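The structure appears right after this line, and notes come after that.
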Amino acid sequence: MVNLKGTVYRVSGPVVTATGIKPAMYDIVRVGDERLMGEVIQIEGEYSIIQVYEDTSGVKPGEPVENTGLPLVVELGPGLLTSIYDGIQRPLEVLQDKMGHFILRGVDVPGLDHSKKWEFKPLVKKGDAIKPGQVIGTVQESTSILHKIMLPPNVEGGKVTDVKAGSFTIEETILTLDNGAKVAMMHKWPVRKPRPFAEKQLPTIPLITGMRILDGLFPIAKGGTAAIPGPFGSGKTVTQQSLAKYSNAQVVVYIGCGERGNEMTEVLTEFPVLEDPQTGNPLMARTCLIANTSNMPVAAREASCYTGITIAEYYRDMGYDVALMADSTSRWAEAMREIGSRLEEMPGEEGYPAYLSARLSEFYERAGRCTVLNGGEGSISVIGAVSPAGGDFSEPVTQATLRIVKVFWALDAKLAQRRHFPAINWLQSYSLYPEYLASHYAEHAAPDWNETKAQIMEILQKEAELQEIVQLVGSDALPPEQQVTLETARLIREIYLQQNAYDKVDAYSSLQKDYKLWKAILRYQTLSGAALKMGATTKELTGLAAVTDLARARFEAKFEEAYAAAMKGLENAFTEMAAKAKKHEVLA
Amino acid sequence: MAAKTPAAPAAQTTQKEYRTISNVKGPLVFVQKTHAVGYGELVQLRLPNGQTRRGQVLDTSGKHVVVQVFEGTTGIDNDKTTVKFLGETIKFGVSKNILGRVFSGAGAPIDGGPEIIPDDYRDIIGAAINPYSRASPHDFIQTGISTIDGNNSLVRGQKLPIFSGSGLPHNDIALQIARQAKVRGTDEAFAVVFAAMGITNEEAKKFMGEFERTGALKRAVIFQNLADDPAVERLLTPRLALTAAEYLAFDLGMHVLVIFTDVTNYCEALRQIGAAREEVPGRRGYPGYMYTDLASLYERAGNIKGKKGSVTQFPILTMPGDDITHPIPDLSGYITEGQIVISRELHRKGVYPPINVLPSLSRLMNAGIGGHKTRDDHKKVSDQCYAFYAEGRDLRGLVAIVGKDALSSRDLQVLDFAELFENRYVRQGRDEDRSIEDTLDLGWELLATVDEKLLTRIDKKTIEQFHPKYKKAGTPVKAH
Ligand SMILES: Nc1ncnc2c1ncn2[C@@H]1O[C@H](COP(=O)(O)OP(=O)(O)OP(=O)(O)O)[C@@H](O)[C@H]1O
Ligand SMILES: [Mg+2]
């Protein structure tokens with residue numbers, strides 16, 4: 001190992017310049033008497049520029065710097081799930097034990113518990129030839145997840161000369177190969193290096209989120225990428241948390257990147273008691289949290305997204321569908337800007353480093369549905385929140401992100417102000433996946449799913465056009481058919497698009513429920529159109545009790561029953577209307 | 001003045017004095033040929049006239065040391081002024097005797113009171129609370145103001161700023177809250193830590209007068225950096241205040257309400273330093289790290305598992321040009337847990353407190369209301385009032401164009417509701433302390449003016465239980 005010792009030359013906030021260490025880019029170094037952890041991010045002649053993951057107060061020129069010669073790695077093995085880490089995979093629970101309620105510095109903690117024993121069940125035997133990525137055995141990591149121990153991708157394959165079964169720590173050798181390799185349940189992987197896979201697959205399976213507007217109108221595929229930009233308070237975090245709770249991923253990696261401490265606490269208190277709708281186990285059993293909040297060191301914030309995606313890749317390699325949420329990628333970009341500005345680099349737009357968009361694409365490129373090394377299939381869906389300055393989507397981070405991702409969920413401050421939640425603007429948002437997903441929906445949700453969706457979208461478009469006229473003349477001036485369109489669109493907005501993330505029942509909506517609500521609203525439109533022809537007035541068509549019942553049915557635990565009753569009421573209301581109209585005719 | 005500042009004993013040790021200042025630029029001083037100086041170290045400068053100033057190391061290398069001077073650089077020269085590096089970071093001496101005391105914006109007592117003997121010296125930068133150690137805030141604070149309690153409820157440990165504009169009565173609102181705030185079911189008053197940053201003498205007098213009049217001063221710690229005090233000192237003021245607040249909350253177990261006014265002045269100071277350092281600016285000339293810097297203040301609110309006290313923050317900021325997208329409110333909004341927005345329009349109409357509930361938000365509201373915390377109907381009443389008010393305000397725009405005749409009867413009811421809402425619900429007296437029940441009952445009274453069928457945000461059961469119509473009829477349907 002290199003282990004070259006040098007000295008601190010300059011300290012400016014989180015950026016330290018050292019001389020005498022001759023590092024390679026991204027080597028991990030120990031800075032100062034307290035051996036603070038840092039990473040080399042630039043080399044200029046004899047000067048090495050280091051971003052330090054901890055507070056640098058008190059560090060002086062002349063203090064020692066030591067190069068480890070190793071890049072920033074994460075520990076991969078059983079114990080990741082149910083954990084909460086900072087941006088460089090230090091377990092926050094252990095940090096609390098070591099330094100109390102506040103995060104102090106200079107404490108080194110491994111990412112995984114090295115003394116805990118796990119029950120390992122081998123799947124290979126002596127004499128088997130195994131390849132990198134191959135599953136050599138399993139560990140029941142949590143109630144939800146069977147952890148597959150693989151031959152690490154950076155270890156050469158060979159013939160098994162010995163394999164053990166039983167209870168081991170993650171460091172103990174469980175398998176040896178004829179090439180001399182000793183394999184334990186844990187291995188390390190450099191976070192900035194994507195883990196290898198065999199081949200990317202087309203995104204043909206939807207990630208079902210339980211959010212009506214997403215699943216119905218702007219779906220994301222398993223292995224897909226989505227961005228959710230919006231001004232403060234528009235619902236990025238609530239949406240991300242909702243996806244973390246209800247999406248049908250098997251493993252969730254949730255990165256709180258430069259955001260609020262209380263939000264992470266909320267996840268930490270809720271997830272152990274909330275039920276995973278897929279398995280009935282606590283949600284925490286499928287979740288790994290990374291919390292590098294806004295007041296924690298920025299360099300570790302920069303690292304947090306890499307730490308998270310590497311953990312996600314590890315579970316993908318086991319053949320799981322992983323969903324990764326990064327809240328917020330803007331804070332990540334800002335961390336790059338803060339560090340970059342101390343390097344006296346030529347900045348790009350709005351002071352962001354020129355490599356911003358390259359970093360963002362490298363990150364999102366690590367998403368995907370893949371055939372993994374062992375021939376199985378896994379996926380990582382990446383959903384990134386974006387926090388544009390002033391809520392203005394033309395700023396660099398939003399723009400760079402939109403050039404990469406395939407789904408755009410545009411949050412709208414106006415909708416949020418109206419308490420129309422989720423405040424996703426249906427005219428501005430898009431998904432590029434439907435072309436791949438259409439047949440899946442037709443097969444698994446409803447044969448005419450895609451056509452029905454088109455009808456719904458069309459009404460919403462129409463409404464937008466009509467609204468422009470209404471702004472000028474008021475809605476009463478419109479012809480009755482158009483008023484019916486407006487009323488139908490209102491129902492789509494209020495019954496279908498709006499969804500209360502805090503309501504026990506409404507928070508999750510199945511595809512069947514989504515579809516039924518669509519059909520009900522379209523039925524209302526059809527019946528209203530017919531009623532108009534028979535002479536009904538638009539007044540009679542609005543404010544029907546059955547429609548209110550339909551809106552309320554969403555919140556009923558027994559949705560099917562409430563829905564059936566509301567639909568019956570709807571049909572009856574229109575039959576009565578028709579009868580009344582006939583009477584009028586007779587009388588006239 | 002700085003000499004009176006409680007400083008850690010270590011600072012008194014004799015250190016080498018340098019007379020090697022090369023440049024003085026804005027609030028910055030560049031010192032050469034020093035010993036190895038630590039980043040963030042406290043610095044003492046002695047001027048030719050004998051005055052002393054304090055500063056902090058911003059950049060340190062073999063070449064030179066950059067010092068940011070808190071009390072201004074007026075009178076500092078590059079010949080006779082001497083510089084001493086104190087070998088430690090800035091600390092504040094804490095003790096329970098800080099209650100009832102007034103300090104300068106740099107932490108020196110200025111009320112002529114007795115000397116404070118600190119129990120401990122705390123680094124004012126403050127470490128981050130481990131997210132794992134936080135306890136979720138959920139104790140409803142009744143402020144007595146309907147628009148806050150009813151629609152944007154505050155909870156203990158929250159950071160909820162007031163977004164205001166120049167000339168609006170944000171200070172009155174802050175004072176009313178400081179006076180009336182209580183957690184339901186307890187009589188325990190909050191301790192108030194008040195940090196004035198760049199406000200005028202007159203405003204400061206008003207705050208002080210109020211604190212004295214109501215006896216709140218006994219339970220308050222005050223830090224004053226006024227408009228004519230050095231701008232850079234403002235970078236210390238809120239940190240001193242938070243250090244005091246954390247001590248009261250997490251060492252002494254008190255519930256602390258921290259009021260900052262005005263965060264905008266703080267941000268201006270930040271911009272000034274950035275410009276002097278010739279940093280690449282972010283939006284509108286503010287430093288690219290302003291988000292992180294503000295977060296290092298706002299995130300110091302909260303509750304900690306196993307600790308009795310709490311720190312609740314009520315920062316006030318004035319939006320330049322009433323523009324909510326300006327970097328100061330924008331970055332604040334991205335960090336805080338909601339915002340209370342003051343409206344110039346309501347103020348002009350003579351409504352006090354002129355809080356516009358539409359852009360206002362409390363993100364922790366759901367955690368603090370309902371059932372045993374406030375009342376079962378709280379959320380529903382709030383949602384319905386909010387929806388009608390939003391719609392009613394839109395309709396005003398339409399009426400201005402097409403007149404009332406074009407409106408449906410539903411629209412007319414909603415339009416009237418908006419009017420009533422502003423005049424009865426939003427408007428209240430400066431000393432009017434409404435209980436949450438009063439607020440919710442008032443909400444129902446206004447909702448009852450609208451056709452029951454239109455109350456789509458409220459379920460049947462809640463209507464039958466709380467709607468005045470059913471209450472009067474004496475047939476409230478009991479929820480089980
Ligand atoms: N689907 C939803 N259902 C109900 N309420 C919601 C929903 N989405 C958002 N909200 C409301 O909006 C508030 C703000 O949402 P959220 O915290 O997700 O905003 P954000 O976009 O993450 O803001 P920031 O950028 O400041 O973090 C929530 O506290 C909640 O009151
Ligand atoms: Mg958020």
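Within each chain, counting starts at residue 1; across the structure tokens, chains are named A, B, ... in the order shown, with ligands numbered 1 upward in that order.
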
**Report entry** Surrounding residues as a PyMOL selection string, ligand 2, max 7 Å, only C-alpha atoms and all ligand atoms
**Finding:** chain A and resi 232-233+235-237+259+327

Please identify every residue of chain B that has at least one atom no farther than 7 Å from an atom of ligand 1, counting only C-alpha atoms and all ligand atoms, and for each give the shortest atom pair and the distance in Å to one decimal, arranged by chain then increasing number, as JSON lines.
```
{"residue": "B:Gly333", "atom": "CA", "partner": "ligand 1", "partner_atom_place_in_ligand_line": "26 (O)", "distance": 5.7}
{"residue": "B:Tyr334", "atom": "CA", "partner": "ligand 1", "partner_atom_place_in_ligand_line": "26 (O)", "distance": 3.6}
{"residue": "B:Ile335", "atom": "CA", "partner": "ligand 1", "partner_atom_place_in_ligand_line": "26 (O)", "distance": 5.9}
{"residue": "B:Ser362", "atom": "CA", "partner": "ligand 1", "partner_atom_place_in_ligand_line": "29 (O)", "distance": 6.6}
{"residue": "B:Arg363", "atom": "CA", "partner": "ligand 1", "partner_atom_place_in_ligand_line": "29 (O)", "distance": 3.5}
{"residue": "B:Leu364", "atom": "CA", "partner": "ligand 1", "partner_atom_place_in_ligand_line": "29 (O)", "distance": 6.3}
```

Query raised in the report: Skipping near chain neighbours, those fewer than 6 positions away, what residues fall within 10 Å of A:Lys22 using only C-alpha atoms, listed as a ChimeraX atom specification?
Result: /A:2-6,43,45-48,67,69

Query - Distance-based interface of chain A with chain B, 8 Å, counting only C-alpha atoms, as a ChimeraX atom specification - result: /A:9-13,56-62,84,92-93,96,101-104,231-233,259-262,264-266,268-269,291,293-296,298,334,337-338,341,347,350-351,387,389-391,417-419,471-474,476,543,548,552

Query raised in the report: Among stretch 80-213 of chain A, which residues carry a DSSP assignment of strand (DSSP E), reported as an NGL selection string?
Result: :A and (84-85 or 102-103 or 118-122 or 129-130 or 135-140 or 146-150 or 158-163 or 166-168 or 173-177 or 182-184 or 187-190 or 199-201)

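Atom CA of A:Gly133 is positioned 25.4 Å from atom CA of A:Ser361.
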
Requested in this report: With a distance cut-off of 9 Å and only C-alpha atoms, select the neighbouring residues of B:Ala448, excluding the residue or stretch itself and same-chain residues fewer than 5 positions from it, and output the selection as JSON, numbers by chain.
Outcome: {"B": [443, 467, 468, 469]}

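If only C-alpha atoms are the atoms counted, then among A:Tyr254, A:Phe555, A:Phe363, A:Tyr306 the closest residue to A:Ile404 is A:Phe363.
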
Query raised in the report: Hey, what does DSSP flag as alpha helix (DSSP H) within stretch 183-239 of chain A? Can you give it to me as a PyMOL selection string?
Result: chain A and resi 212+236-239

File dump, residues just selected, N, CA, C and O atoms, as an mmCIF file, in the first residue's frame:
```cif
data_model
loop_
_atom_site.group_PDB
_atom_site.id
_atom_site.type_symbol
_atom_site.label_atom_id
_atom_site.label_comp_id
_atom_site.auth_asym_id
_atom_site.auth_seq_id
_atom_site.Cartn_x
_atom_site.Cartn_y
_atom_site.Cartn_z
ATOM 1 N N ARG A 212 -52.423 7.382 -8.197
ATOM 2 C CA ARG A 212 -53.267 7.298 -9.401
ATOM 3 C C ARG A 212 -52.708 8.058 -10.587
ATOM 4 O O ARG A 212 -52.650 7.550 -11.696
ATOM 5 N N LYS A 236 -42.593 17.259 -3.132
ATOM 6 C CA LYS A 236 -41.546 16.327 -3.570
ATOM 7 C C LYS A 236 -41.326 15.234 -2.534
ATOM 8 O O LYS A 236 -41.315 14.053 -2.850
ATOM 9 N N THR A 237 -41.162 15.648 -1.293
ATOM 10 C CA THR A 237 -40.850 14.681 -0.249
ATOM 11 C C THR A 237 -42.035 13.758 0.020
ATOM 12 O O THR A 237 -41.861 12.547 0.156
ATOM 13 N N VAL A 238 -43.235 14.333 0.063
ATOM 14 C CA VAL A 238 -44.408 13.495 0.313
ATOM 15 C C VAL A 238 -44.543 12.449 -0.794
ATOM 16 O O VAL A 238 -44.809 11.273 -0.538
ATOM 17 N N THR A 239 -44.314 12.863 -2.033
ATOM 18 C CA THR A 239 -44.396 11.914 -3.145
ATOM 19 C C THR A 239 -43.317 10.835 -3.026
ATOM 20 O O THR A 239 -43.595 9.645 -3.184
#
```

Requested in this report: Name all residues at most 12 Å from B:Glu202 (count only C-alpha atoms; drop same-chain ones fewer than 5 positions away) and give them as a list in words.
Outcome: Asn171, Ala196, Phe207, Met208, Gly209, Leu226, Ala227 and Asp228 of chain B

Using all heavy atoms, can you export the residues from the last selection as a CSV table (one decimal), in the first residue's frame?
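After the write, again-v2.csv holds the following:
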```csv
chain,number,residue,atom,x,y,z
B,171,ASN,N,-43.6,42.1,13.2
B,171,ASN,CA,-43.1,42.2,14.6
B,171,ASN,C,-44.2,42.1,15.6
B,171,ASN,O,-44.1,41.4,16.6
B,171,ASN,CB,-42.2,43.4,14.8
B,171,ASN,CG,-40.9,43.4,14.1
B,171,ASN,OD1,-40.5,42.3,13.7
B,171,ASN,ND2,-40.3,44.5,13.8
B,196,ALA,N,-32.1,39.9,17.5
B,196,ALA,CA,-32.3,41.0,16.6
B,196,ALA,C,-31.1,41.1,15.7
B,196,ALA,O,-30.0,41.2,16.2
B,196,ALA,CB,-32.5,42.3,17.4
B,207,PHE,N,-39.7,45.9,21.0
B,207,PHE,CA,-39.6,44.5,21.5
B,207,PHE,C,-39.3,44.5,23.0
B,207,PHE,O,-39.9,43.8,23.8
B,207,PHE,CB,-38.5,43.8,20.7
B,207,PHE,CG,-39.0,43.1,19.5
B,207,PHE,CD1,-38.7,43.6,18.2
B,207,PHE,CD2,-39.8,42.0,19.5
B,207,PHE,CE1,-39.1,43.0,17.1
B,207,PHE,CE2,-40.2,41.3,18.4
B,207,PHE,CZ,-39.9,41.9,17.1
B,208,MET,N,-38.3,45.3,23.4
B,208,MET,CA,-37.9,45.3,24.8
B,208,MET,C,-39.0,45.8,25.7
B,208,MET,O,-39.3,45.2,26.7
B,208,MET,CB,-36.7,46.3,25.0
B,208,MET,CG,-35.4,45.7,24.3
B,208,MET,SD,-35.0,44.1,24.8
B,208,MET,CE,-34.7,44.3,26.6
B,209,GLY,N,-39.7,46.9,25.2
B,209,GLY,CA,-40.8,47.4,26.0
B,209,GLY,C,-41.9,46.3,26.2
B,209,GLY,O,-42.4,46.2,27.3
B,226,LEU,N,-28.0,45.8,16.1
B,226,LEU,CA,-29.0,46.8,15.5
B,226,LEU,C,-28.4,47.3,14.2
B,226,LEU,O,-27.3,46.9,13.8
B,226,LEU,CB,-29.2,48.0,16.5
B,226,LEU,CG,-29.7,47.5,17.8
B,226,LEU,CD1,-30.0,48.7,18.7
B,226,LEU,CD2,-31.0,46.7,17.7
B,227,ALA,N,-29.3,48.1,13.5
B,227,ALA,CA,-29.0,48.5,12.2
B,227,ALA,C,-27.6,49.2,12.1
B,227,ALA,O,-26.9,49.1,11.1
B,227,ALA,CB,-30.1,49.4,11.7
B,228,ASP,N,-27.2,49.9,13.1
B,228,ASP,CA,-26.0,50.7,13.1
B,228,ASP,C,-24.8,49.9,13.6
B,228,ASP,O,-23.7,50.4,13.7
B,228,ASP,CB,-26.1,52.0,13.7
B,228,ASP,CG,-26.6,51.9,15.1
B,228,ASP,OD1,-27.0,50.8,15.6
B,228,ASP,OD2,-26.7,53.0,15.8
```

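Closest approach to A:Trp426 among A:Thr17, A:Ser167, A:Gln461, A:Ser509 is made by A:Gln461 (distances from only C-alpha atoms).
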
**Report entry** Nearby residues (only C-alpha atoms) at most 9 Å from stretch 434-440 of chain A, same-chain spacing under 6 positions excluded, as number ranges by chain
**Finding:** A: 202-206, 217-221, 447, 449-450

Report task. Find the spatial neighbours of A:Glu458, counting only C-alpha atoms, within a cut-off of 12 Å - ignore same-chain residues fewer than 3 positions away - and output them as a list in words. Result -> Leu217, Trp426, Leu427, Glu451, Thr452, Lys453, Ala454, Gln455, Gln461, Lys462, Glu463, Ala464, Glu465, Thr485, Leu486, Thr488, Ala489, Ile492 and Leu522 of chain A

Take the residues that were just selected and, keeping N, CA and C atoms, output them as a tab-separated table (two decimals), in the first residue's frame.
```tsv
chain	number	residue	atom	x	y	z
A	217	LEU	N	-51.45	7.97	-15.63
A	217	LEU	CA	-51.11	8.89	-16.72
A	217	LEU	C	-49.63	8.99	-17.03
A	426	TRP	N	-50.76	18.03	-14.79
A	426	TRP	CA	-51.03	16.96	-15.76
A	426	TRP	C	-50.81	17.42	-17.19
A	427	LEU	N	-50.71	18.73	-17.38
A	427	LEU	CA	-50.48	19.19	-18.75
A	427	LEU	C	-48.98	19.27	-19.06
A	451	GLU	N	-56.80	2.85	-24.02
A	451	GLU	CA	-57.78	3.70	-24.69
A	451	GLU	C	-58.49	4.58	-23.67
A	452	THR	N	-58.82	3.98	-22.53
A	452	THR	CA	-59.52	4.74	-21.51
A	452	THR	C	-58.65	5.90	-21.04
A	453	LYS	N	-57.39	5.61	-20.83
A	453	LYS	CA	-56.46	6.65	-20.41
A	453	LYS	C	-56.43	7.79	-21.44
A	454	ALA	N	-56.41	7.42	-22.73
A	454	ALA	CA	-56.38	8.44	-23.77
A	454	ALA	C	-57.61	9.35	-23.68
A	455	GLN	N	-58.77	8.72	-23.40
A	455	GLN	CA	-59.99	9.51	-23.27
A	455	GLN	C	-59.88	10.51	-22.13
A	461	GLN	N	-57.16	17.90	-21.57
A	461	GLN	CA	-56.65	18.86	-22.56
A	461	GLN	C	-57.74	19.84	-22.94
A	462	LYS	N	-58.89	19.27	-23.21
A	462	LYS	CA	-60.05	20.06	-23.64
A	462	LYS	C	-60.37	21.11	-22.57
A	463	GLU	N	-60.33	20.67	-21.33
A	463	GLU	CA	-60.66	21.58	-20.23
A	463	GLU	C	-59.73	22.80	-20.26
A	464	ALA	N	-58.44	22.51	-20.48
A	464	ALA	CA	-57.47	23.61	-20.49
A	464	ALA	C	-57.84	24.64	-21.55
A	465	GLU	N	-58.27	24.14	-22.71
A	465	GLU	CA	-58.67	25.08	-23.77
A	465	GLU	C	-59.90	25.87	-23.36
A	485	THR	N	-68.34	18.87	-20.44
A	485	THR	CA	-66.92	18.54	-20.51
A	485	THR	C	-66.19	19.12	-19.31
A	486	LEU	N	-66.51	20.36	-18.99
A	486	LEU	CA	-65.86	21.00	-17.84
A	486	LEU	C	-66.16	20.26	-16.55
A	488	THR	N	-67.03	17.14	-16.24
A	488	THR	CA	-66.35	15.84	-16.27
A	488	THR	C	-64.88	16.02	-15.88
A	489	ALA	N	-64.27	17.06	-16.44
A	489	ALA	CA	-62.87	17.33	-16.13
A	489	ALA	C	-62.70	17.63	-14.64
A	492	ILE	N	-62.58	14.46	-12.89
A	492	ILE	CA	-61.28	13.79	-13.05
A	492	ILE	C	-60.29	14.39	-12.06
A	522	LEU	N	-66.26	8.57	-16.83
A	522	LEU	CA	-66.66	8.56	-18.24
A	522	LEU	C	-68.15	8.21	-18.39
```

Report task. In Å, rounded to a single decimal, give me how far atom CA of B:Leu99 is from atom CA of B:Pro118. Result -> 12.3 Å

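Closest approach to B:Ile436 from the set B:Val67, B:Val381, B:Leu242, B:Ala178 is made by B:Val381, with distances taken over only C-alpha atoms.
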
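Nearest to A:Lys164 of all the residues A:Pro71, A:Gly137, A:Pro353, A:Gly100 is A:Gly137, counting only C-alpha atoms.
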
Report summary line: Using only C-alpha atoms, the shortest atom-to-atom distance to B:Ser95 among B:Ile141, B:Ile76, B:Tyr247, B:Lys182 belongs to B:Tyr247

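With distances taken over only C-alpha atoms, B:Ile98 is the one residue among B:Asp77, B:Lys461, B:Ile98, B:Ser104 lying closest to B:Leu248.
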